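Shown below: input-v4.csv, with CSV, C-alpha atoms.
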```csv
chain,number,residue,atom,x,y,z
A,190,MET,CA,-20.2,10.4,-2.4
A,191,THR,CA,-22.5,10.0,0.6
A,192,ALA,CA,-21.4,10.0,4.2
A,193,ARG,CA,-21.7,6.2,4.2
A,194,ASP,CA,-19.4,6.0,1.1
A,195,THR,CA,-16.9,8.2,2.9
A,196,VAL,CA,-16.9,6.1,6.0
A,197,LEU,CA,-16.6,2.8,4.1
A,198,VAL,CA,-13.7,4.1,2.0
A,199,ALA,CA,-11.8,5.2,5.1
A,200,LEU,CA,-12.7,2.0,6.9
A,201,PHE,CA,-11.4,-0.4,4.3
A,202,ALA,CA,-8.2,1.7,3.8
A,203,ALA,CA,-7.7,1.5,7.6
A,204,LEU,CA,-8.5,-2.3,7.6
A,205,THR,CA,-6.0,-2.9,4.9
A,206,ALA,CA,-3.4,-0.9,6.8
A,207,ALA,CA,-4.2,-2.8,9.9
A,208,LEU,CA,-3.7,-6.1,8.1
A,209,GLY,CA,-0.3,-4.9,7.0
A,210,LEU,CA,0.7,-4.6,10.6
A,211,LEU,CA,0.1,-8.3,11.2
A,212,PRO,CA,3.4,-10.3,11.0
A,213,PRO,CA,3.9,-12.2,7.8
A,214,ILE,CA,3.0,-15.9,8.0
A,215,PRO,CA,5.6,-18.4,6.6
A,216,VAL,CA,3.6,-21.0,4.7
A,217,PRO,CA,5.2,-24.4,4.1
A,218,LEU,CA,6.3,-25.0,0.4
A,219,VAL,CA,5.8,-21.3,-0.4
A,220,PRO,CA,9.2,-19.6,-0.8
A,221,VAL,CA,8.1,-16.1,0.2
A,222,PRO,CA,6.3,-15.1,3.5
A,223,VAL,CA,2.7,-14.4,2.9
A,224,THR,CA,1.5,-11.1,4.2
A,225,ALA,CA,-2.1,-10.5,5.0
A,226,GLN,CA,-2.3,-7.1,3.3
A,227,THR,CA,-3.6,-8.1,-0.1
A,228,LEU,CA,-6.4,-9.8,1.8
A,229,GLY,CA,-7.6,-6.3,2.5
A,230,VAL,CA,-7.5,-5.5,-1.2
A,231,MET,CA,-9.7,-8.5,-2.0
A,232,LEU,CA,-12.1,-8.0,1.0
A,233,ALA,CA,-12.7,-4.4,-0.1
A,234,GLY,CA,-13.4,-5.5,-3.6
A,235,CYS,CA,-15.8,-8.3,-2.4
A,236,LEU,CA,-17.6,-6.2,0.1
A,237,ILE,CA,-18.0,-2.5,-0.7
A,238,GLY,CA,-18.3,-2.3,-4.5
A,239,PRO,CA,-15.9,-1.2,-7.3
A,240,ARG,CA,-15.8,2.5,-6.8
A,241,ARG,CA,-15.5,2.6,-3.0
A,242,ALA,CA,-12.9,-0.3,-3.0
A,243,GLY,CA,-10.8,1.4,-5.6
A,244,LEU,CA,-10.9,4.7,-3.7
A,245,ALA,CA,-10.1,3.0,-0.4
A,246,MET,CA,-6.9,1.6,-2.0
A,247,LEU,CA,-6.0,4.9,-3.6
A,248,LEU,CA,-6.4,6.5,-0.2
A,249,LEU,CA,-4.2,4.0,1.5
A,250,LEU,CA,-1.5,4.5,-1.2
A,251,MET,CA,-1.8,8.3,-0.6
A,252,LEU,CA,-1.2,7.8,3.1
A,253,ILE,CA,1.8,5.6,2.4
A,254,ALA,CA,3.2,8.2,0.0
A,255,VAL,CA,3.0,11.1,2.5
A,256,GLY,CA,5.1,9.1,4.9
A,257,LEU,CA,3.1,6.7,7.0
A,258,PRO,CA,4.6,3.2,7.4
A,259,LEU,CA,1.4,1.4,6.6
A,260,LEU,CA,2.8,-1.3,4.2
A,261,SER,CA,3.6,-4.7,5.7
A,262,GLY,CA,6.9,-4.8,7.5
A,263,GLY,CA,6.4,-1.1,8.5
A,264,ARG,CA,7.5,0.1,5.0
A,265,GLY,CA,6.2,3.4,3.6
A,266,GLY,CA,7.2,6.8,2.3
A,267,LEU,CA,8.0,7.7,-1.3
A,268,ALA,CA,10.7,5.0,-1.5
A,269,VAL,CA,8.2,2.2,-2.0
A,270,PHE,CA,6.9,4.0,-5.1
A,271,VAL,CA,10.2,4.1,-6.8
A,272,GLY,CA,11.2,0.5,-6.0
A,273,PRO,CA,10.5,-2.7,-8.0
A,274,SER,CA,7.2,-3.4,-6.3
A,275,ALA,CA,5.6,0.0,-7.1
A,276,GLY,CA,3.5,-1.6,-9.9
A,277,TYR,CA,1.9,-4.0,-7.6
A,278,LEU,CA,0.8,-1.2,-5.3
A,279,ALA,CA,-0.8,0.7,-8.3
A,280,GLY,CA,-2.4,-2.7,-9.2
A,281,TRP,CA,-4.1,-2.8,-5.8
A,282,ALA,CA,-6.3,0.2,-6.6
A,283,VAL,CA,-7.2,-1.1,-10.1
A,284,GLY,CA,-7.5,-4.7,-8.8
A,285,ALA,CA,-9.9,-3.8,-6.0
A,286,PHE,CA,-12.0,-1.9,-8.5
A,287,VAL,CA,-12.1,-4.9,-10.9
A,288,ILE,CA,-13.0,-7.3,-8.1
A,289,GLY,CA,-15.9,-5.0,-7.3
A,290,LEU,CA,-17.0,-5.0,-11.0
A,291,VAL,CA,-16.9,-8.7,-11.3
A,292,VAL,CA,-18.7,-9.3,-8.0
A,293,ALA,CA,-21.4,-6.8,-9.0
A,294,ARG,CA,-21.9,-8.7,-12.3
A,295,PHE,CA,-22.4,-12.2,-10.7
A,296,ASN,CA,-24.2,-13.6,-7.7
A,297,SER,CA,-22.1,-13.7,-4.6
A,298,THR,CA,-21.4,-17.4,-4.1
A,299,SER,CA,-18.0,-18.3,-2.7
A,300,VAL,CA,-17.0,-19.7,-6.1
A,301,SER,CA,-17.7,-16.4,-8.0
A,302,LEU,CA,-16.1,-14.4,-5.3
A,303,PHE,CA,-13.0,-16.6,-5.6
A,304,ILE,CA,-12.9,-16.1,-9.4
A,305,ALA,CA,-13.4,-12.3,-8.9
A,306,ASN,CA,-10.4,-12.3,-6.4
A,307,CYS,CA,-8.3,-14.3,-8.9
A,308,VAL,CA,-9.1,-11.9,-11.7
A,309,GLY,CA,-8.8,-8.6,-9.9
A,310,GLY,CA,-6.7,-9.4,-6.9
A,311,ILE,CA,-4.2,-11.6,-8.7
A,312,ALA,CA,-4.3,-11.1,-12.5
A,313,VAL,CA,-4.8,-7.4,-12.6
A,314,VAL,CA,-2.3,-6.8,-9.8
A,315,TYR,CA,0.3,-8.9,-11.6
A,316,VAL,CA,-0.4,-7.2,-14.9
A,317,PHE,CA,0.6,-3.9,-13.3
A,318,GLY,CA,3.3,-5.3,-11.1
A,319,ILE,CA,5.3,-7.5,-13.4
A,320,PRO,CA,6.1,-4.9,-16.2
A,321,VAL,CA,7.2,-2.3,-13.6
A,322,MET,CA,9.3,-4.8,-11.8
A,323,ALA,CA,10.9,-5.9,-15.1
A,324,ALA,CA,11.6,-2.3,-16.0
A,325,VAL,CA,13.1,-1.3,-12.7
A,326,LEU,CA,15.3,-4.4,-12.4
A,327,ASP,CA,16.0,-4.5,-16.1
A,328,LEU,CA,14.9,-8.1,-16.3
A,329,PRO,CA,13.2,-9.8,-19.3
A,330,LEU,CA,9.4,-9.8,-18.8
A,331,LEU,CA,9.3,-13.6,-18.7
A,332,THR,CA,11.9,-13.7,-15.9
A,333,ALA,CA,10.0,-11.2,-13.9
A,334,ALA,CA,6.8,-13.2,-14.4
A,335,LEU,CA,8.5,-16.4,-13.3
A,336,GLY,CA,9.8,-14.5,-10.2
A,337,SER,CA,6.3,-13.4,-9.3
A,338,ALA,CA,5.1,-16.9,-9.6
A,339,ALA,CA,6.7,-17.4,-6.2
A,340,PHE,CA,3.8,-15.3,-4.8
A,341,LEU,CA,1.1,-17.2,-6.6
A,342,PRO,CA,0.4,-20.0,-4.1
A,343,GLY,CA,0.1,-17.5,-1.3
A,344,ASP,CA,-2.1,-15.3,-3.4
A,345,LEU,CA,-4.4,-18.2,-4.4
A,346,ILE,CA,-4.8,-19.1,-0.7
A,347,LYS,CA,-5.7,-15.5,0.1
A,348,ALA,CA,-8.2,-15.4,-2.8
A,349,GLY,CA,-10.0,-18.4,-1.4
A,350,LEU,CA,-9.8,-17.1,2.1
A,351,ALA,CA,-11.1,-13.7,1.2
A,352,ALA,CA,-14.0,-15.3,-0.8
A,353,ALA,CA,-14.9,-17.5,2.2
A,354,ILE,CA,-14.7,-14.6,4.6
A,355,ALA,CA,-16.7,-12.3,2.3
A,356,VAL,CA,-19.5,-14.8,1.8
A,357,ALA,CA,-19.8,-15.3,5.6
A,358,VAL,CA,-19.8,-11.5,6.2
A,359,ARG,CA,-22.4,-10.9,3.5
A,360,ARG,CA,-24.6,-13.6,5.2
A,361,ALA,CA,-24.1,-12.1,8.7
A,362,TYR,CA,-24.5,-8.6,7.5
A,363,PRO,CA,-26.6,-8.4,4.4
A,364,MET,CA,-26.3,-4.6,4.1
A,365,ALA,CA,-22.7,-5.0,3.1
A,366,GLY,CA,-22.1,-4.1,-0.5
A,367,GLN,CA,-24.9,-1.7,-0.9
B,776,MET,CA,-0.8,5.2,17.6
B,777,ILE,CA,0.5,5.5,14.1
B,778,VAL,CA,3.8,7.4,13.9
B,779,GLY,CA,5.0,8.8,10.5
B,780,LEU,CA,8.5,8.2,9.1
B,781,TYR,CA,9.5,11.9,9.5
B,782,VAL,CA,12.6,12.4,11.5
B,783,PRO,CA,12.7,15.8,13.3
B,784,GLY,CA,15.7,17.8,12.5
B,785,ASP,CA,17.1,21.3,11.8
B,786,THR,CA,19.2,20.8,8.7
B,787,ALA,CA,19.0,22.6,5.4
B,788,LEU,CA,17.2,19.7,3.9
B,789,HIS,CA,14.5,19.8,6.6
B,790,LYS,CA,14.0,23.5,5.9
B,791,LEU,CA,13.6,23.1,2.2
B,792,SER,CA,9.9,23.1,1.1
B,793,ALA,CA,8.3,19.8,0.3
B,794,ALA,CA,7.5,20.8,-3.3
B,795,VAL,CA,11.1,21.7,-4.0
B,796,LYS,CA,12.3,18.4,-2.5
B,797,LEU,CA,9.8,16.4,-4.6
B,798,MET,CA,10.9,18.3,-7.8
B,799,ALA,CA,14.5,17.5,-6.9
B,800,MET,CA,13.6,13.8,-6.4
B,801,PHE,CA,12.1,13.8,-9.9
B,802,GLY,CA,15.2,15.5,-11.2
B,803,VAL,CA,17.5,12.9,-9.6
B,804,GLY,CA,15.3,10.2,-11.2
B,805,ALA,CA,15.7,11.8,-14.6
B,806,VAL,CA,19.4,12.1,-14.2
B,807,LEU,CA,19.6,8.4,-13.1
B,808,VAL,CA,17.8,7.3,-16.2
B,809,LEU,CA,20.2,9.2,-18.4
B,810,VAL,CA,23.4,8.1,-16.8
B,811,ASP,CA,24.4,4.6,-18.0
B,812,THR,CA,27.9,3.9,-16.9
B,813,VAL,CA,28.9,2.4,-13.6
B,814,VAL,CA,31.4,4.9,-12.3
B,815,PRO,CA,29.3,8.1,-12.4
B,816,LEU,CA,26.4,6.1,-10.9
B,817,ALA,CA,28.6,4.9,-8.1
B,818,ILE,CA,29.7,8.5,-7.4
B,819,LEU,CA,26.0,9.5,-7.4
B,820,VAL,CA,25.2,6.8,-4.9
B,821,ILE,CA,28.0,7.8,-2.6
B,822,GLY,CA,27.0,11.4,-2.9
B,823,ILE,CA,23.4,10.7,-2.0
B,824,GLY,CA,24.5,8.4,0.8
B,825,PHE,CA,26.7,11.3,2.1
B,826,ILE,CA,23.8,13.8,1.9
B,827,PHE,CA,21.5,11.2,3.6
B,828,THR,CA,23.8,10.3,6.6
B,829,VAL,CA,25.8,13.6,7.1
B,830,VAL,CA,24.0,16.6,5.5
B,831,ALA,CA,20.5,15.5,6.6
B,832,GLY,CA,22.0,13.9,9.8
B,833,LEU,CA,19.9,10.8,9.4
B,834,GLY,CA,22.7,8.4,10.3
B,835,ARG,CA,23.8,5.0,9.0
B,836,ASN,CA,21.0,3.0,10.7
B,837,ARG,CA,18.3,4.8,8.8
B,838,LEU,CA,20.3,4.4,5.6
B,839,TRP,CA,20.4,0.6,6.3
B,840,ALA,CA,16.6,0.6,7.1
B,841,ALA,CA,16.0,2.3,3.7
B,842,THR,CA,18.2,-0.3,1.9
B,843,ARG,CA,17.0,-3.5,3.7
B,844,PRO,CA,13.7,-3.9,1.8
B,845,LEU,CA,15.8,-3.9,-1.4
B,846,LEU,CA,17.9,-6.9,-0.5
B,847,ILE,CA,15.5,-9.4,-1.8
B,848,TRP,CA,15.4,-7.6,-5.2
B,849,LEU,CA,19.2,-7.4,-5.2
B,850,ALA,CA,19.3,-11.1,-4.6
B,851,ILE,CA,16.9,-11.6,-7.6
B,852,ILE,CA,19.2,-9.5,-9.8
B,853,ALA,CA,22.2,-11.5,-8.6
B,854,ILE,CA,20.4,-14.9,-9.4
B,855,THR,CA,19.2,-13.9,-12.8
B,856,GLN,CA,22.8,-12.7,-13.4
B,857,VAL,CA,23.6,-16.4,-14.0
B,858,TRP,CA,21.9,-16.5,-17.3
B,859,VAL,CA,21.8,-12.8,-18.3
B,860,ALA,CA,25.6,-12.6,-18.0
B,861,ASP,CA,26.0,-8.9,-18.3
B,862,LYS,CA,27.6,-7.9,-15.1
B,863,GLU,CA,28.0,-4.3,-15.9
B,864,ALA,CA,24.3,-3.8,-16.7
B,865,ALA,CA,23.4,-5.6,-13.5
B,866,PHE,CA,25.6,-3.2,-11.4
B,867,GLU,CA,24.0,-0.2,-13.1
B,868,VAL,CA,20.5,-1.5,-12.3
B,869,ILE,CA,21.5,-2.1,-8.7
B,870,LEU,CA,23.2,1.3,-8.3
B,871,ARG,CA,20.3,3.1,-10.0
B,872,LEU,CA,17.8,1.4,-7.7
B,873,ILE,CA,19.7,2.2,-4.6
B,874,ALA,CA,20.2,5.9,-5.6
B,875,LEU,CA,16.5,6.3,-6.4
B,876,VAL,CA,15.3,4.6,-3.2
B,877,TRP,CA,17.7,6.6,-1.0
B,878,THR,CA,16.6,9.8,-2.6
B,879,ALA,CA,12.9,9.0,-2.0
B,880,ALA,CA,13.6,7.9,1.5
B,881,LEU,CA,15.5,11.1,2.1
B,882,VAL,CA,12.5,13.2,1.1
B,883,THR,CA,10.2,11.2,3.3
B,884,TYR,CA,12.5,11.3,6.3
B,885,THR,CA,13.1,15.1,6.1
B,886,THR,CA,9.5,16.2,5.3
B,887,ARG,CA,6.8,16.6,7.9
B,888,LEU,CA,3.6,14.7,7.3
B,889,THR,CA,1.6,17.9,7.2
B,890,ASP,CA,3.9,19.5,4.6
B,891,MET,CA,3.6,16.4,2.4
B,892,SER,CA,-0.2,16.4,2.9
B,893,ASP,CA,-0.3,20.1,1.8
B,894,VAL,CA,1.4,19.1,-1.5
B,895,ILE,CA,-1.2,16.4,-2.0
B,896,ALA,CA,-4.0,18.8,-1.1
B,897,ARG,CA,-2.7,21.2,-3.7
B,898,LEU,CA,-2.5,18.4,-6.3
B,899,CYS,CA,-6.1,17.4,-5.4
B,900,GLY,CA,-7.1,21.1,-5.9
B,901,THR,CA,-6.0,20.9,-9.5
B,902,LEU,CA,-8.3,17.8,-9.9
B,903,ARG,CA,-11.3,19.8,-8.7
B,904,PRO,CA,-12.8,19.9,-12.2
B,905,LEU,CA,-13.0,16.1,-12.1
B,906,GLY,CA,-15.1,16.3,-8.9
B,907,VAL,CA,-12.3,15.8,-6.4
B,908,SER,CA,-12.8,18.0,-3.3
B,909,PRO,CA,-9.6,18.6,-1.3
B,910,ASP,CA,-11.7,19.1,1.8
B,911,ARG,CA,-13.2,15.6,1.4
B,912,VAL,CA,-9.7,14.1,0.8
B,913,ALA,CA,-8.4,15.8,3.9
B,914,PHE,CA,-11.4,14.4,5.9
B,915,LEU,CA,-10.8,10.9,4.5
B,916,VAL,CA,-7.1,11.0,5.5
B,917,ALA,CA,-7.9,12.1,9.1
B,918,LEU,CA,-10.7,9.5,9.4
B,919,THR,CA,-8.5,6.7,8.2
B,920,ILE,CA,-5.7,7.5,10.6
B,921,ARG,CA,-8.3,7.5,13.4
B,922,LEU,CA,-9.8,4.3,12.3
B,923,ILE,CA,-6.6,2.2,12.2
B,924,PRO,CA,-6.4,1.9,16.0
B,925,ALA,CA,-10.2,1.5,16.1
B,926,VAL,CA,-9.9,-1.6,13.9
B,927,PHE,CA,-7.2,-3.0,16.2
B,928,ASP,CA,-9.4,-2.4,19.2
B,929,THR,CA,-12.2,-4.4,17.5
B,930,VAL,CA,-9.7,-7.2,16.7
B,931,ARG,CA,-8.6,-7.3,20.3
B,932,GLU,CA,-12.2,-7.4,21.6
B,933,VAL,CA,-13.1,-10.3,19.3
B,934,ARG,CA,-10.0,-12.2,20.1
B,935,ASP,CA,-10.6,-11.8,23.8
B,936,ALA,CA,-14.1,-13.0,23.4
B,937,GLN,CA,-13.0,-16.0,21.5
B,938,ARG,CA,-10.1,-16.8,23.8
B,939,SER,CA,-12.6,-16.8,26.8
B,940,ARG,CA,-14.4,-19.5,24.9
B,941,GLY,CA,-11.3,-21.6,24.2
B,942,LEU,CA,-10.6,-20.5,20.7
B,943,GLU,CA,-7.0,-19.4,21.3
B,944,ARG,CA,-5.6,-20.6,18.0
B,945,ALA,CA,-8.5,-19.8,15.7
B,946,TYR,CA,-6.9,-16.8,13.9
B,947,LEU,CA,-9.1,-17.1,10.9
B,948,ALA,CA,-12.3,-17.3,12.9
B,949,ALA,CA,-11.7,-13.7,14.0
B,950,PHE,CA,-12.1,-12.3,10.5
B,951,VAL,CA,-15.9,-12.6,10.1
B,952,PRO,CA,-16.9,-11.1,13.5
B,953,VAL,CA,-14.3,-8.3,13.1
B,954,LEU,CA,-15.6,-7.4,9.7
B,955,THR,CA,-19.3,-7.5,10.7
B,956,ARG,CA,-18.6,-5.3,13.7
B,957,VAL,CA,-16.5,-2.9,11.7
B,958,LEU,CA,-19.3,-2.6,9.1
B,959,ARG,CA,-21.8,-2.0,11.8
B,960,GLN,CA,-19.5,0.7,13.2
B,961,ALA,CA,-19.5,2.2,9.7
B,962,ASP,CA,-23.3,2.6,9.9
B,963,VAL,CA,-23.1,4.3,13.3
B,964,LEU,CA,-20.4,6.6,12.1
B,965,SER,CA,-22.1,7.6,8.9
B,966,GLU,CA,-25.3,8.3,10.8
B,967,ALA,CA,-23.3,10.5,13.2
B,968,LEU,CA,-21.8,12.3,10.2
B,969,ILE,CA,-25.3,12.8,8.6
B,970,ALA,CA,-26.6,14.1,11.9
B,971,ARG,CA,-23.8,16.8,11.7
B,972,GLY,CA,-24.8,17.9,8.2
B,973,PHE,CA,-22.0,16.0,6.5
B,974,ASP,CA,-24.1,14.6,3.7
B,975,ARG,CA,-24.7,18.1,2.4
B,976,TRP,CA,-21.3,17.9,0.7
B,977,ASP,CA,-23.1,15.9,-1.9
B,978,THR,CA,-25.1,18.8,-3.1
B,979,GLN,CA,-22.2,21.2,-3.3
```
Please express the file's structure as structure tokens.
Amino acid sequence: MTARDTVLVALFAALTAALGLLPPIPVPLVPVPVTAQTLGVMLAGCLIGPRRAGLAMLLLLMLIAVGLPLLSGGRGGLAVFVGPSAGYLAGWAVGAFVIGLVVARFNSTSVSLFIANCVGGIAVVYVFGIPVMAAVLDLPLLTAALGSAAFLPGDLIKAGLAAAIAVAVRRAYPMAGQ
Amino acid sequence: MIVGLYVPGDTALHKLSAAVKLMAMFGVGAVLVLVDTVVPLAILVIGIGFIFTVVAGLGRNRLWAATRPLLIWLAIIAITQVWVADKEAAFEVILRLIALVWTAALVTYTTRLTDMSDVIARLCGTLRPLGVSPDRVAFLVALTIRLIPAVFDTVREVRDAQRSRGLERAYLAAFVPVLTRVLRQADVLSEALIARGFDRWDTQ
């Protein structure tokens, strides 16, 4: 890990934490408030490559676990890791890594970045999140999946947003991602 | 300034070592999985609530703060109740969840950030064969905590610049300049680290 890797990992962990401190935005027709935090997961995956993005999310989770209130709504501490949404948090690290992998494989047009965000930032995160939620709440898997569908519109908006932002950033700052 | 969730205090729980508290938390978790009747679970919840509010002296407000994020989940359990129709099982899930979350919150509230980080550092030490360096992890933690307010400063500068040009409501327009600035800062920062011999960590 070079000095630059170290800085980028810390920076995207900090950026995702900072996004969590923004107030949640209520979106019309979406039943749950949309928080900006998963935007950080997607931006990391789109901009700094799989390894660094995954490590940045792991670092953020570690900071949350030791007792910093860095999750949206000022949540943090060990409690969030024993609650129903623990799987989603674990999914962030893997999801950011997967986005990075997909982005590295294809050219970075906004469409391919959007697909990468949907695969890593939504599908992978849900694959980790839904079974854990079903287990903790003792719900059938299908019910848990249907419950998570409430977050889908917001997540799709964020996937598109993150793709558009990442394309513009890559254009403005071509060093990004190397 | 980022402030941790630790609540200063002088109780027996505050004095207990972080590792012991973490082990106890896992112990409580194991017990909770094994207990599957409502009454003992309810007694456990009351007991943990008593330790939380009285023994650790954290008060009812913090107990409520620890419970509040669960309300949406409790609502989901209540709603699915309509077609699951096993009230006893639903109560068990709710009680188990509350007990576990209170226990975890209790550990976080009574353990200093530095003590918790020490445990993490020790865990990272055991991962050394996999190429994890505890020093580097410690450095990453310190750097991240320092960078969070720096990111906010950048956001404020960009927003101020945009506002002066009449872009008060363009919340999304801020993202791209903030990210490019932040990436440029990363270059400056990594050059500063290299100038101080930081990159030699690679060869160790």
Inset, instruction - For chain B, report every residue with an atom at most 6 Å from chain A (counting only C-alpha atoms), formatted as number ranges by chain. - result: B: 779-780, 868, 876, 879-880, 883, 891, 915, 919, 922-923, 951, 961, 965, 974
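When all atoms listed in the file are used to measure the gap to Ala339 (chain A), the shortest distance among B:Thr878, B:Ile851, B:Asp811, B:Ser908 belongs to B:Ile851.
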Inset, instruction - Work out how far apart CA of Leu905 (chain B) and CA of Cys235 (chain A) are and give it in Å to one decimal. - result: 26.4 Å
Legend entry - Between CA of Ala874 (chain B) and CA of Val803 (chain B) - distance in Å to one decimal: 8.5 Å
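You will find CA of Arg837 (chain B) at 11.3 Å from CA of Tyr781 (chain B).
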Legend entry - Who sits within 8 Å of region 827-830 of chain B, only C-alpha atoms, same chain under 4 positions skipped, as a list in words: Thr786, Ala787, Leu788, Ile823, Gly834, Arg835, Leu838, Trp877 and Leu881 of chain B
Keeping only C-alpha atoms, write the selected residues to a file as a short mmCIF file (atom, residue, chain, number, x, y, z; two decimals), keeping the file's coordinate frame.
```cif
data_model
loop_
_atom_site.label_atom_id
_atom_site.label_comp_id
_atom_site.auth_asym_id
_atom_site.auth_seq_id
_atom_site.Cartn_x
_atom_site.Cartn_y
_atom_site.Cartn_z
CA THR B 786 19.20 20.80 8.70
CA ALA B 787 19.00 22.60 5.40
CA LEU B 788 17.20 19.70 3.90
CA ILE B 823 23.40 10.70 -2.00
CA GLY B 834 22.70 8.40 10.30
CA ARG B 835 23.80 5.00 9.00
CA LEU B 838 20.30 4.40 5.60
CA TRP B 877 17.70 6.60 -1.00
CA LEU B 881 15.50 11.10 2.10
#
```
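Nearest-residue note for Ala817 (chain B): choosing from B:Asp893, B:Glu867, B:Asp861, B:Asp785, the minimum distance belongs to B:Glu867, counting all atoms listed in the file.
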Legend entry - Shell around Ser337 (chain A) at 10 Å using all atoms listed in the file, local window under 6 positions removed, as a ChimeraX atom specification: /A:315,318-319,322,331
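Distances here use only C-alpha atoms; by that measure, the residue among B:Ile969, B:Val963, B:Leu819, B:Leu875 closest to Thr842 (chain B) is B:Leu875.
If you measure from each of A:Met231, A:Leu260, A:Leu335, A:Val291 to Ile311 (chain A) using all atoms listed in the file, the closest one turns out to be A:Met231.
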Legend entry - Contact residues around Leu816 (chain B) with all atoms listed in the file at 7 Å, ignoring same-chain residues under 4 positions, as a ChimeraX atom specification: /B:810,812,820,870-871
